[in-house]
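Enquirer: Structure supplied as start-v4.csv; contents: CSV, C-alpha atoms.
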chain,number,residue,atom,x,y,z
A,1,MET,CA,-16.5,2.3,-7.2
A,2,ASN,CA,-13.6,0.1,-6.3
A,3,ARG,CA,-13.4,0.8,-2.6
A,4,THR,CA,-15.6,0.5,0.4
A,5,ASN,CA,-16.1,3.5,2.7
A,6,LYS,CA,-17.5,1.5,5.6
A,7,PHE,CA,-14.3,2.0,7.7
A,8,ASP,CA,-13.9,5.7,6.9
A,9,ALA,CA,-15.6,7.0,10.0
A,10,GLU,CA,-13.3,5.0,12.3
A,11,LEU,CA,-10.2,5.7,10.2
A,12,LYS,CA,-10.8,9.4,10.4
A,13,LYS,CA,-10.5,9.2,14.2
A,14,ILE,CA,-6.8,8.3,13.9
A,15,SER,CA,-4.7,11.2,15.0
A,16,HIS,CA,-2.9,11.7,11.7
A,17,TYR,CA,-6.0,11.4,9.6
A,18,GLN,CA,-7.8,14.0,11.7
A,19,LYS,CA,-5.5,16.4,10.0
A,20,HIS,CA,-5.0,14.7,6.7
A,21,GLN,CA,-8.3,12.9,5.9
A,22,HIS,CA,-7.3,12.8,2.2
A,23,MET,CA,-4.6,10.3,3.1
A,24,LEU,CA,-7.0,7.5,4.2
A,25,PRO,CA,-5.9,4.0,3.1
A,26,PHE,CA,-7.6,2.3,0.2
A,27,ILE,CA,-9.9,-0.5,1.3
A,28,GLY,CA,-11.1,-2.6,-1.6
A,29,GLN,CA,-14.8,-3.1,-2.1
A,30,TYR,CA,-14.4,-6.9,-1.6
A,31,TRP,CA,-12.5,-6.5,1.6
A,32,GLY,CA,-13.6,-9.1,4.1
A,33,ASP,CA,-15.3,-11.4,1.6
A,34,ASP,CA,-12.3,-13.8,1.8
A,35,LYS,CA,-8.8,-13.6,3.2
A,36,LYS,CA,-7.7,-10.1,4.0
A,37,LEU,CA,-4.3,-8.9,2.6
A,38,LEU,CA,-3.0,-5.4,3.4
A,39,VAL,CA,-0.3,-4.2,1.0
A,40,VAL,CA,2.0,-1.5,2.4
A,41,ALA,CA,4.1,0.7,0.2
A,42,GLU,CA,6.6,3.5,1.2
A,43,SER,CA,5.3,7.0,0.6
A,44,HIS,CA,3.7,9.5,-1.7
A,45,TYR,CA,5.8,12.1,-3.5
A,46,LEU,CA,5.1,15.6,-5.0
A,47,SER,CA,6.6,17.4,-8.0
A,48,ASN,CA,9.9,19.2,-7.3
A,49,ASN,CA,9.4,22.8,-6.4
A,50,LYS,CA,10.1,25.1,-3.4
A,51,GLU,CA,6.4,25.4,-2.4
A,52,ASN,CA,5.9,21.7,-2.2
A,53,LEU,CA,9.1,21.2,-0.2
A,54,ASP,CA,7.9,23.8,2.3
A,55,PHE,CA,4.6,21.8,2.7
A,56,ILE,CA,6.6,18.6,3.2
A,57,LYS,CA,8.8,20.2,5.9
A,58,LYS,CA,5.7,21.2,8.0
A,59,TRP,CA,3.5,18.3,7.0
A,60,TYR,CA,2.6,17.1,10.5
A,61,GLU,CA,1.7,20.6,11.7
A,62,ILE,CA,-0.6,21.6,8.8
A,63,SER,CA,-3.8,19.9,7.7
A,64,SER,CA,-5.5,19.0,4.4
A,65,SER,CA,-7.2,22.4,4.3
A,66,ASP,CA,-3.8,24.1,4.2
A,67,LEU,CA,-2.8,22.3,1.0
A,68,PRO,CA,-3.5,23.3,-2.6
A,69,PRO,CA,-5.9,21.0,-4.5
A,70,LYS,CA,-3.1,19.5,-6.6
A,71,VAL,CA,-1.1,18.5,-3.5
A,72,ARG,CA,-4.2,16.8,-1.9
A,73,GLU,CA,-4.8,15.0,-5.2
A,74,TYR,CA,-1.2,13.6,-5.4
A,75,THR,CA,-1.4,12.4,-1.8
A,76,ASN,CA,-5.0,11.1,-1.8
A,77,THR,CA,-4.3,7.4,-1.3
A,78,ALA,CA,-7.8,6.0,-1.5
A,79,GLY,CA,-8.7,8.5,-4.3
A,80,LEU,CA,-5.7,7.6,-6.4
A,81,LEU,CA,-6.6,4.0,-6.4
A,82,ASN,CA,-10.3,4.6,-6.9
A,83,CYS,CA,-10.3,7.2,-9.6
A,84,THR,CA,-10.4,6.6,-13.3
A,85,GLY,CA,-6.9,8.0,-14.0
A,86,ASN,CA,-5.2,5.4,-11.9
A,87,ASN,CA,-7.7,2.6,-12.3
A,88,GLN,CA,-6.8,1.3,-15.8
A,89,LYS,CA,-6.7,-2.4,-16.2
A,90,TYR,CA,-3.5,-4.2,-15.1
A,91,ASP,CA,-2.3,-4.5,-18.8
A,92,ASP,CA,-3.0,-0.9,-19.7
A,93,PRO,CA,0.4,0.8,-20.5
A,94,ARG,CA,-0.8,4.1,-19.0
A,95,ALA,CA,-1.2,2.6,-15.5
A,96,HIS,CA,1.4,3.7,-12.9
A,97,SER,CA,4.1,1.0,-12.6
A,98,ILE,CA,3.6,0.4,-8.8
A,99,TYR,CA,-0.2,-0.3,-9.3
A,100,LYS,CA,0.3,-2.2,-12.5
A,101,ASN,CA,3.0,-4.5,-11.1
A,102,ILE,CA,1.0,-5.2,-7.9
A,103,GLN,CA,-2.0,-6.2,-10.0
A,104,MET,CA,0.1,-8.3,-12.4
A,105,ALA,CA,1.7,-10.2,-9.4
A,106,ILE,CA,-1.7,-10.9,-7.9
A,107,LEU,CA,-2.9,-12.3,-11.3
A,108,LYS,CA,0.2,-14.5,-11.4
A,109,SER,CA,-0.6,-16.0,-8.0
A,110,ASN,CA,-3.1,-18.7,-7.5
A,111,PHE,CA,-5.8,-16.2,-8.2
A,112,SER,CA,-9.2,-18.0,-8.4
A,113,PHE,CA,-11.8,-15.2,-8.6
A,114,SER,CA,-13.5,-14.5,-11.9
A,115,ASP,CA,-13.6,-10.7,-11.6
A,116,LYS,CA,-10.2,-9.6,-13.0
A,117,THR,CA,-11.0,-6.0,-13.9
A,118,ASN,CA,-9.2,-4.6,-10.8
A,119,MET,CA,-7.2,-6.6,-8.3
A,120,PHE,CA,-7.2,-3.8,-5.8
A,121,ARG,CA,-10.8,-4.5,-5.1
A,122,TYR,CA,-9.6,-7.6,-3.2
A,123,ILE,CA,-7.0,-6.0,-1.0
A,124,SER,CA,-6.3,-2.9,1.1
A,125,PHE,CA,-3.4,-0.5,0.4
A,126,VAL,CA,-1.6,2.1,2.3
A,127,ASN,CA,1.7,4.0,2.4
A,128,PHE,CA,3.7,3.3,5.6
A,129,PHE,CA,5.2,6.8,5.9
A,130,GLN,CA,2.5,9.5,6.3
A,131,ARG,CA,4.2,12.3,4.5
A,132,PRO,CA,5.5,12.7,0.9
A,133,ALA,CA,9.1,12.1,0.0
A,134,GLU,CA,11.3,15.2,-0.5
A,135,LYS,CA,12.1,14.5,-4.1
A,136,THR,CA,9.9,13.2,-7.0
A,137,GLY,CA,10.3,9.5,-7.4
A,138,ASP,CA,13.0,9.2,-4.7
A,139,SER,CA,12.9,7.4,-1.4
A,140,ILE,CA,11.8,9.4,1.7
A,141,ARG,CA,14.6,10.7,4.0
A,142,VAL,CA,13.3,9.2,7.3
A,143,ASN,CA,13.4,11.0,10.6
A,144,LYS,CA,12.3,10.0,14.1
A,145,GLN,CA,8.9,11.7,13.8
A,146,ASP,CA,8.2,9.9,10.5
A,147,ILE,CA,8.8,6.5,12.2
A,148,GLU,CA,6.7,7.3,15.2
A,149,ILE,CA,3.7,8.6,13.3
A,150,ALA,CA,4.0,5.8,10.7
A,151,ASN,CA,3.8,3.1,13.4
A,152,GLN,CA,1.1,4.8,15.4
A,153,THR,CA,-1.0,5.1,12.3
A,154,MET,CA,-0.3,1.5,11.2
A,155,SER,CA,-1.2,0.2,14.6
A,156,GLU,CA,-4.6,1.9,14.4
A,157,ILE,CA,-5.2,0.8,10.8
A,158,ILE,CA,-4.5,-2.8,11.8
A,159,ARG,CA,-7.0,-2.5,14.7
A,160,ILE,CA,-9.7,-1.0,12.6
A,161,ILE,CA,-9.6,-3.1,9.3
A,162,GLU,CA,-8.2,-6.3,10.9
A,163,PRO,CA,-6.0,-7.6,8.1
A,164,GLU,CA,-5.1,-11.3,8.3
A,165,TYR,CA,-1.9,-10.8,6.2
A,166,ILE,CA,0.4,-7.9,5.6
A,167,PHE,CA,3.0,-7.6,2.8
A,168,PHE,CA,5.4,-4.7,2.5
A,169,VAL,CA,6.4,-3.7,-1.0
A,170,SER,CA,9.1,-1.4,0.4
A,171,SER,CA,12.4,-2.4,2.1
A,172,LYS,CA,12.5,0.9,3.9
A,173,ALA,CA,9.0,0.6,5.2
A,174,TRP,CA,9.7,-2.9,6.4
A,175,LYS,CA,12.9,-1.8,8.1
A,176,TYR,CA,11.1,0.8,10.2
A,177,PHE,CA,7.9,-1.1,10.8
A,178,ASP,CA,7.4,-2.1,14.5
A,179,LYS,CA,7.3,-5.9,14.1
A,180,SER,CA,5.5,-6.3,17.4
A,181,LEU,CA,2.3,-4.8,15.8
A,182,PHE,CA,1.4,-7.9,13.8
A,183,ASN,CA,1.8,-11.6,13.6
A,184,ARG,CA,5.3,-12.1,12.1
A,185,ALA,CA,4.3,-15.4,10.5
A,186,ASN,CA,1.7,-13.6,8.4
A,187,THR,CA,3.9,-10.8,7.3
A,188,GLY,CA,6.2,-10.5,4.3
A,189,HIS,CA,8.3,-8.0,2.5
A,190,SER,CA,10.1,-7.3,-0.8
A,191,CYS,CA,11.3,-4.2,-2.7
A,192,HIS,CA,9.2,-1.4,-4.3
A,193,PRO,CA,7.4,-2.7,-7.4
A,194,SER,CA,8.9,0.2,-9.4
A,195,CYS,CA,12.5,-0.6,-8.7
A,196,LYS,CA,14.9,-2.9,-10.5
A,197,TRP,CA,14.9,-5.5,-7.8
A,198,TRP,CA,11.3,-6.3,-8.6
A,199,ASN,CA,12.8,-8.4,-11.4
A,200,ARG,CA,16.2,-9.2,-9.8
A,201,LYS,CA,16.9,-11.8,-7.2
A,202,SER,CA,17.8,-11.1,-3.7
A,203,LYS,CA,18.3,-13.1,-0.5
A,204,SER,CA,16.8,-10.4,1.7
A,205,PHE,CA,13.2,-10.7,0.5
A,206,THR,CA,10.6,-13.1,2.1
A,207,LYS,CA,10.8,-16.4,0.3
A,208,SER,CA,9.8,-20.0,0.6
A,209,PRO,CA,12.1,-22.2,2.7
A,210,ASN,CA,13.3,-24.1,-0.4
A,211,LYS,CA,14.5,-21.0,-2.2
A,212,GLN,CA,17.9,-19.2,-1.8
A,213,SER,CA,16.8,-16.0,-3.4
A,214,VAL,CA,13.8,-14.5,-5.2
A,215,THR,CA,12.9,-11.4,-7.1
A,216,GLY,CA,10.6,-8.9,-5.5
A,217,GLN,CA,7.7,-10.0,-7.6
A,218,GLU,CA,8.4,-13.7,-6.9
A,219,SER,CA,8.5,-12.9,-3.2
A,220,PHE,CA,5.1,-11.3,-3.3
A,221,ILE,CA,3.6,-14.2,-5.4
A,222,ASP,CA,5.2,-16.8,-3.1
A,223,PHE,CA,3.7,-15.1,-0.1
A,224,MET,CA,0.2,-15.1,-1.6
A,225,ASN,CA,0.4,-18.7,-2.7
A,226,THR,CA,1.9,-20.0,0.6
A,227,HIS,CA,-1.0,-18.5,2.5
A,228,ASN,CA,-3.6,-19.4,-0.2
A,229,ILE,CA,-4.8,-15.8,-0.1
A,230,PHE,CA,-6.6,-15.8,-3.4
A,231,GLN,CA,-7.8,-19.4,-3.3
A,232,THR,CA,-11.5,-18.6,-2.9
A,233,THR,CA,-13.5,-20.2,0.0
A,234,ILE,CA,-16.8,-18.5,-0.9
A,235,THR,CA,-19.6,-20.1,-2.9
A,236,ASN,CA,-20.0,-17.5,-5.5
A,237,PRO,CA,-16.8,-15.9,-6.7
A,238,HIS,CA,-17.1,-12.3,-7.8
A,239,THR,CA,-18.1,-11.7,-11.4
A,240,PRO,CA,-17.7,-8.5,-13.4
Let me see the structure of the file written as structure tokens.
Expert:
Amino acid sequence: MNRTNKFDAELKKISHYQKHQHMLPFIGQYWGDDKKLLVVAESHYLSNNKENLDFIKKWYEISSSDLPPKVREYTNTAGLLNCTGNNQKYDDPRAHSIYKNIQMAILKSNFSFSDKTNMFRYISFVNFFQRPAEKTGDSIRVNKQDIEIANQTMSEIIRIIEPEYIFFVSSKAWKYFDKSLFNRANTGHSCHPSCKWWNRKSKSFTKSPNKQSVTGQESFIDFMNTHNIFQTTITNPHTP
């Protein structure tokens, strides 16, 4: 078990999750033991077919019970990060690139805990947009309802799990995030960990004052190091 379920009851009271409980955010099992970092990605996506596109078009009107098991599986945020299939070690070539690259970036930061089997145990993770993208592997085509529901849901998640820091690994999610919801000084953003800019420099990502441009990965690492997020302050660091 890599996640804690102690927030599930409160999270299920959020309007969107009353319909789509399978989309609950992933809250790592060590959440709250030290500094609390929430990582926010963009959205899920489904395989390309007419049936799935029909589900996506009416996503906010239907509920989990209306979806086939495979669709629920593909959009089960907490489950995807907790299950064996997407829980390989950070250096396992079978691991999905977004999860693998996030874990690798955490390890490259000033990470001081001894348990390195799964870095997601130390953070929380959620997709900003609360419905899948229209096309497999593509960016979501955002509408007004998407933005409203995303910010409403994020506001409640922040209230319930009380992150101290938030980092967006999606330029689109960052663009549409209501910046009044959280302390700007403790918020950062870069590109999606699966895109080419994760390893290419840009001036638009969050960076240290002494840097002109950084890659997406460097932006994430700089943010963690600047705020000493993984410099342990507890007496007994976690061990495997």
Enquirer: Tell me which residues come within 12 Å of (4.4, 3.9, 4.5), as JSON, numbers by chain, counting only C-alpha atoms in the file's coordinates.
Expert: {"A": [23, 24, 25, 38, 39, 40, 41, 42, 43, 44, 45, 77, 125, 126, 127, 128, 129, 130, 131, 132, 133, 139, 140, 142, 146, 147, 148, 149, 150, 151, 152, 153, 154, 157, 167, 168, 169, 170, 171, 172, 173, 174, 175, 176, 177, 192]}
Enquirer: What separation in Å, quoted to one decimal, exists between CA of Gly79 in chain A and CA of Asp222 in chain A?
Expert: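 For CA of Gly79 in chain A relative to CA of Asp222 in chain A, the distance reads 28.9 Å.
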Enquirer: For Gln231 in chain A, find every residue with an atom within 8 Å (counting all atoms listed in the file), except residues of its own chain fewer than 6 positions away, and show them as an mmCIF file with C-alpha atoms, keeping the file's coordinate frame.
Expert:
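Output contents, as saved in out.cif:
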data_model
loop_
_atom_site.group_PDB
_atom_site.id
_atom_site.type_symbol
_atom_site.label_atom_id
_atom_site.label_comp_id
_atom_site.auth_asym_id
_atom_site.auth_seq_id
_atom_site.Cartn_x
_atom_site.Cartn_y
_atom_site.Cartn_z
ATOM 1 C CA ASN A 110 -3.100 -18.700 -7.500
ATOM 2 C CA PHE A 111 -5.800 -16.200 -8.200
ATOM 3 C CA SER A 112 -9.200 -18.000 -8.400
ATOM 4 C CA PHE A 113 -11.800 -15.200 -8.600
#
Enquirer: Quick one: residues within 12 Å of Leu46 in chain A, all atoms listed in the file counted, chain neighbours fewer than 5 positions away excluded, as a PDB file with C-alpha atoms, in the coordinates of the input?
Expert:
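Produced file selection-v5.pdb, reproduced below:
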ATOM      1  CA  GLU A  51       6.400  25.400  -2.400  1.00  0.00           C
ATOM      2  CA  ASN A  52       5.900  21.700  -2.200  1.00  0.00           C
ATOM      3  CA  LEU A  53       9.100  21.200  -0.200  1.00  0.00           C
ATOM      4  CA  ASP A  54       7.900  23.800   2.300  1.00  0.00           C
ATOM      5  CA  PHE A  55       4.600  21.800   2.700  1.00  0.00           C
ATOM      6  CA  ILE A  56       6.600  18.600   3.200  1.00  0.00           C
ATOM      7  CA  LEU A  67      -2.800  22.300   1.000  1.00  0.00           C
ATOM      8  CA  PRO A  68      -3.500  23.300  -2.600  1.00  0.00           C
ATOM      9  CA  LYS A  70      -3.100  19.500  -6.600  1.00  0.00           C
ATOM     10  CA  VAL A  71      -1.100  18.500  -3.500  1.00  0.00           C
ATOM     11  CA  ARG A  72      -4.200  16.800  -1.900  1.00  0.00           C
ATOM     12  CA  GLU A  73      -4.800  15.000  -5.200  1.00  0.00           C
ATOM     13  CA  TYR A  74      -1.200  13.600  -5.400  1.00  0.00           C
ATOM     14  CA  THR A  75      -1.400  12.400  -1.800  1.00  0.00           C
ATOM     15  CA  ASN A  76      -5.000  11.100  -1.800  1.00  0.00           C
ATOM     16  CA  ARG A 131       4.200  12.300   4.500  1.00  0.00           C
ATOM     17  CA  PRO A 132       5.500  12.700   0.900  1.00  0.00           C
ATOM     18  CA  ALA A 133       9.100  12.100   0.000  1.00  0.00           C
ATOM     19  CA  GLU A 134      11.300  15.200  -0.500  1.00  0.00           C
ATOM     20  CA  LYS A 135      12.100  14.500  -4.100  1.00  0.00           C
ATOM     21  CA  THR A 136       9.900  13.200  -7.000  1.00  0.00           C
ATOM     22  CA  GLY A 137      10.300   9.500  -7.400  1.00  0.00           C
ATOM     23  CA  ASP A 138      13.000   9.200  -4.700  1.00  0.00           C
ATOM     24  CA  SER A 139      12.900   7.400  -1.400  1.00  0.00           C
ATOM     25  CA  ILE A 140      11.800   9.400   1.700  1.00  0.00           C
TER      26      ILE A 140
END
Enquirer: Could you jot down the CA of Ser155 in chain A to CA of Ser180 in chain A separation for me, Å, one decimal place?
Expert: 9.7 Å
Enquirer: What lies within 10 Å of Phe230 in chain A using all atoms listed in the file, ignoring chain neighbours under 4 positions off, as an NGL selection string?
Expert: :A and (34-37 or 106-107 or 109-113 or 122 or 224-225)
Enquirer: Smallest atom-to-atom distance to Asn5 in chain A: which of A:Phe220, A:Tyr30, A:Tyr165, A:Tyr17, using all atoms listed in the file?
Expert: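 Checking each candidate against Asn5 in chain A, we get A:Tyr30 as the closest.
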Enquirer: Any idea what's packed within 8 Å of Arg121 in chain A, counting only C-alpha atoms, ignoring anything in its chain fewer than 6 positions away? Could you give it as a list in words?
Expert: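 Surrounding residues, per the criterion: Asn2, Arg3, Ile27, Gly28, Gln29, Tyr30 and Trp31 of chain A.
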Enquirer: Please compute the CA of Trp198 in chain A-CA of Met119 in chain A distance, one decimal, in Å.
Expert: 18.5 Å
Enquirer: Using only C-alpha atoms for the distances, tell me which of A:Asn48, A:Ser124, A:Ser97, A:Thr232 is nearest to Phe7 in chain A.
Expert: A:Ser124
